[in-house]
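Visitor: I have a structure here, written as structure tokens, and I will follow up with some questions on it.
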Amino acid sequence: MPTKSDVRFNSSGFQLAGHLYSPDSVDGQAPAVVVSHPLTGVKEQTSSIYAKALAEQGFITLAFDAAYQGESEGEPRGLENPFQRAEDVRNAVTYLSTRDDVDPERIGVLGICASGGYVPYAAQTDHRMKAVATVSAADGAAFFKQPDPEGFAELVARAGAARIAEAKGEEVPMVPVLPDSVDESTPDSVAEFFDYYRTPRGQHPRSIGKYALRSADQLDQFDAYADVAKIAPRPLLMIAGTAAVTKPFSDNAVAAAGDNAELYEIDGATHVDLYDVDKYVSQALDRLVPFFRENLGK
């Protein structure tokens, strides 16, 4: 079994909290993989499942809480700043590169859900990331904007007032990402997120299920995959379930990335199935493990 250690590292002045998973035995310097969590998620949820599984296959892995999230520093809590999220991934790579047990020339990155947007975005210009992978990738900004462009535009319009309220020490306006309850009228895509984040299946007390309203003006400027072709010639692997509402993000990103990119489909899996459902996670790992071995070495 891998050894799990609590670690801290700096990202733009914030101390971020992480779990480092080390294989049973490391001979010299090992390859490593950064694993970044979904929007409103924390390291103890799906990212830890993938980090632990990859460590069992010989990789040193780091699952961490993004700034403003979980056990990491940052105020206001729940700020979803996509540019800081990308910086967090870069600084996670920096942290691993300073470790004596990690080969800095063999570091890969894995992003899940919204981090499937943040990770490729960071990798476009950070050439230390030698292999880039995603699971159930989504551009978080587009995911919120597309179903209700007018509603999201209203959030952007209110972001300035939210900043002023915060500066005055008033309560930080928040935006919930899930309803308080679900019923037969709830869209399946919403219900599956609820089933993970709001039930014992995946809920965690530090996964608050909402983001600071002023995140909207930063999210509105973000486009995860606009320059995804810059990752080439480094390899990009995007894993998506055929039944995932977010699959078009992976389809389009792979099409735009070039010959270095691969779309790996898991038949019948939804977006959230790939978070923790064994039969689907195992299929994702069946492709992730050889992908990282091929591109980072054993």
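Within each chain, counting starts at residue 1; across the structure tokens, chains are named A, B, ... in the order shown, with ligands numbered 1 upward in that order.
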When you look at A:Tyr121 with a cut-off of 10 Å (counting only C-alpha atoms), what residues show up, excluding the ones that are within fewer than 5 positions of it in the same chain? I need them as a list in words.
Guide: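 Contacts, with the query itself left out: Pro82, Phe83, Arg85, Ala86, Glu87, Val89, Ser115, Gly116, Asp126, Asp139, Phe222, Asp223, Ala224, Tyr225, Ala226, Asp227, Val228, Lys230 and Ile231 of chain A.
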Visitor: Give the strand (DSSP E) residues of stretch 15-186 of chain A, as assigned by DSSP on the backbone, as number ranges by chain.
Guide: A: 15-22, 30-36, 60-64, 102-112, 129-135, 174-176
Visitor: Write out as an MDAnalysis selection string each polymer residue whose atoms come within 9 Å of stretch 262-278 of chain A, counting only C-alpha atoms; drop sequence neighbours fewer than 6 positions from it.
Guide: chainID A and resid 45:47 49:50 112:113 135:137 189 192:193 196 201:202 235:247 250:251 254:255 284 287
Visitor: Keeping only N, CA, C and O atoms, write the selected residues to a file as a compact mmCIF listing (two decimals), in the first residue's frame.
Guide:
# COMPACT_ATOMS: atom_id res chain seq x y z
N GLN A 45 -11.68 13.59 -1.97
CA GLN A 45 -12.72 12.96 -2.79
C GLN A 45 -12.09 12.23 -3.98
O GLN A 45 -11.17 11.44 -3.81
N THR A 46 -12.60 12.44 -5.17
CA THR A 46 -12.17 11.62 -6.31
C THR A 46 -10.68 11.74 -6.63
O THR A 46 -10.05 10.77 -7.06
N SER A 47 -10.08 12.90 -6.40
CA SER A 47 -8.65 13.03 -6.73
C SER A 47 -7.80 12.09 -5.90
O SER A 47 -6.78 11.57 -6.37
N ILE A 49 -8.72 9.11 -4.93
CA ILE A 49 -8.90 7.77 -5.49
C ILE A 49 -7.89 7.53 -6.60
O ILE A 49 -7.20 6.50 -6.65
N TYR A 50 -7.78 8.50 -7.51
CA TYR A 50 -6.84 8.36 -8.62
C TYR A 50 -5.39 8.47 -8.15
O TYR A 50 -4.51 7.73 -8.64
N ILE A 112 -9.37 16.44 -13.11
CA ILE A 112 -10.70 15.82 -13.08
C ILE A 112 -11.76 16.90 -13.09
O ILE A 112 -11.68 17.89 -12.34
N CYS A 113 -12.78 16.74 -13.94
CA CYS A 113 -13.90 17.69 -14.06
C CYS A 113 -13.35 19.07 -14.43
O CYS A 113 -12.65 19.20 -15.43
N VAL A 135 -9.86 13.44 -16.81
CA VAL A 135 -10.98 12.52 -16.62
C VAL A 135 -12.23 13.37 -16.46
O VAL A 135 -12.28 14.29 -15.64
N SER A 136 -13.25 13.08 -17.28
CA SER A 136 -14.51 13.86 -17.24
C SER A 136 -14.24 15.35 -17.31
O SER A 136 -14.76 16.15 -16.52
N ALA A 137 -13.43 15.74 -18.27
CA ALA A 137 -13.01 17.13 -18.36
C ALA A 137 -14.17 18.07 -18.67
O ALA A 137 -15.12 17.71 -19.37
N SER A 189 -28.44 15.22 -15.04
CA SER A 189 -27.08 15.74 -14.88
C SER A 189 -26.90 16.40 -13.52
O SER A 189 -25.80 16.34 -12.93
N GLU A 192 -27.07 13.53 -10.59
CA GLU A 192 -25.87 12.70 -10.38
C GLU A 192 -24.81 13.45 -9.57
O GLU A 192 -24.10 12.85 -8.76
N PHE A 193 -24.70 14.76 -9.77
CA PHE A 193 -23.79 15.54 -8.94
C PHE A 193 -24.28 15.56 -7.50
O PHE A 193 -23.49 15.45 -6.56
N TYR A 196 -23.45 12.48 -5.56
CA TYR A 196 -22.05 12.37 -5.13
C TYR A 196 -21.74 13.35 -4.01
O TYR A 196 -21.24 12.95 -2.95
N ARG A 201 -22.03 9.03 -0.17
CA ARG A 201 -21.19 8.49 -1.25
C ARG A 201 -19.90 9.29 -1.40
O ARG A 201 -18.81 8.71 -1.49
N GLY A 202 -20.00 10.60 -1.46
CA GLY A 202 -18.80 11.40 -1.71
C GLY A 202 -18.70 12.69 -0.92
O GLY A 202 -17.71 13.41 -1.05
N PRO A 235 2.13 14.63 -25.05
CA PRO A 235 0.88 13.88 -25.22
C PRO A 235 -0.25 14.38 -24.33
O PRO A 235 -0.03 14.77 -23.18
N LEU A 236 -1.45 14.34 -24.87
CA LEU A 236 -2.67 14.70 -24.15
C LEU A 236 -3.65 13.54 -24.25
O LEU A 236 -3.99 13.11 -25.35
N LEU A 237 -4.09 13.04 -23.11
CA LEU A 237 -5.09 11.97 -23.05
C LEU A 237 -6.31 12.50 -22.33
O LEU A 237 -6.21 12.98 -21.20
N MET A 238 -7.48 12.41 -22.98
CA MET A 238 -8.72 12.86 -22.35
C MET A 238 -9.68 11.68 -22.29
O MET A 238 -10.02 11.08 -23.31
N ILE A 239 -10.09 11.34 -21.07
CA ILE A 239 -10.96 10.20 -20.82
C ILE A 239 -12.36 10.69 -20.49
O ILE A 239 -12.54 11.55 -19.61
N ALA A 240 -13.36 10.17 -21.19
CA ALA A 240 -14.74 10.61 -20.98
C ALA A 240 -15.69 9.44 -21.14
O ALA A 240 -15.47 8.55 -21.97
N GLY A 241 -16.74 9.44 -20.34
CA GLY A 241 -17.78 8.45 -20.49
C GLY A 241 -18.69 8.78 -21.66
O GLY A 241 -18.96 9.96 -21.93
N THR A 242 -19.16 7.77 -22.35
CA THR A 242 -20.01 8.02 -23.51
C THR A 242 -21.35 8.63 -23.12
O THR A 242 -22.02 9.24 -23.95
N ALA A 243 -21.76 8.47 -21.86
CA ALA A 243 -23.03 9.03 -21.39
C ALA A 243 -22.84 10.30 -20.58
O ALA A 243 -23.78 10.77 -19.93
N ALA A 244 -21.64 10.88 -20.62
CA ALA A 244 -21.35 12.08 -19.82
C ALA A 244 -21.87 13.33 -20.50
O ALA A 244 -21.63 13.54 -21.70
N VAL A 245 -22.57 14.16 -19.74
CA VAL A 245 -23.07 15.42 -20.27
C VAL A 245 -21.92 16.33 -20.71
O VAL A 245 -22.09 17.20 -21.58
N THR A 246 -20.74 16.12 -20.14
CA THR A 246 -19.58 16.95 -20.45
C THR A 246 -18.70 16.41 -21.57
O THR A 246 -17.69 17.02 -21.91
N LYS A 247 -19.07 15.28 -22.15
CA LYS A 247 -18.20 14.66 -23.15
C LYS A 247 -17.85 15.60 -24.31
O LYS A 247 -16.71 15.54 -24.82
N SER A 250 -14.38 17.20 -24.08
CA SER A 250 -13.25 16.35 -24.47
C SER A 250 -13.19 16.15 -25.98
O SER A 250 -12.12 16.20 -26.60
N ASP A 251 -14.37 15.93 -26.59
CA ASP A 251 -14.42 15.76 -28.05
C ASP A 251 -13.78 16.95 -28.75
O ASP A 251 -12.92 16.79 -29.63
N VAL A 254 -9.85 17.54 -27.96
CA VAL A 254 -8.99 16.60 -28.66
C VAL A 254 -8.93 16.95 -30.15
O VAL A 254 -7.86 16.91 -30.78
N ALA A 255 -10.06 17.33 -30.72
CA ALA A 255 -10.08 17.71 -32.13
C ALA A 255 -9.21 18.94 -32.40
O ALA A 255 -8.57 19.04 -33.45
N ALA A 284 -10.71 3.60 -16.55
CA ALA A 284 -9.92 4.82 -16.74
C ALA A 284 -8.46 4.56 -16.38
O ALA A 284 -7.53 4.96 -17.09
N ARG A 287 -6.19 2.78 -18.81
CA ARG A 287 -5.56 3.60 -19.86
C ARG A 287 -4.57 4.60 -19.26
O ARG A 287 -3.51 4.86 -19.84
Visitor: Go through A:Ala53, A:Val35, A:Ala157, A:Val93 one by one, measure the shortest atom-to-atom distance of each to A:Asp65 using only C-alpha atoms, and give the residue with the smallest value.
Guide: A:Val35
Visitor: List as a PyMOL selection string the protein and nucleic acid residues near A:Ser72, meaning an atom at most 9 Å away when only C-alpha atoms are counted, but skip any in the same chain fewer than 2 places from it.
Guide: chain A and resi 8+14-18+64-70+74
Visitor: Go ahead and save the residues from that selection, with C-alpha atoms, as a short mmCIF file (atom, residue, chain, number, x, y, z; two decimals), in the first residue's frame.
Guide:
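selection32.cif was written with the following content:
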data_model
loop_
_atom_site.label_atom_id
_atom_site.label_comp_id
_atom_site.auth_asym_id
_atom_site.auth_seq_id
_atom_site.Cartn_x
_atom_site.Cartn_y
_atom_site.Cartn_z
CA ARG A 8 2.28 21.93 2.30
CA PHE A 14 -0.91 30.80 -0.33
CA GLN A 15 0.05 27.68 1.59
CA LEU A 16 -1.70 24.78 -0.10
CA ALA A 17 -2.49 21.51 1.64
CA GLY A 18 -1.80 18.24 -0.10
CA PHE A 64 -4.01 18.87 -3.19
CA ASP A 65 -6.64 21.44 -2.27
CA ALA A 66 -6.65 24.47 -4.55
CA ALA A 67 -6.27 27.93 -3.06
CA TYR A 68 -9.47 29.10 -1.33
CA GLN A 69 -10.61 25.47 -1.04
CA GLY A 70 -10.45 22.69 1.54
CA GLY A 74 -7.15 31.83 0.69
#
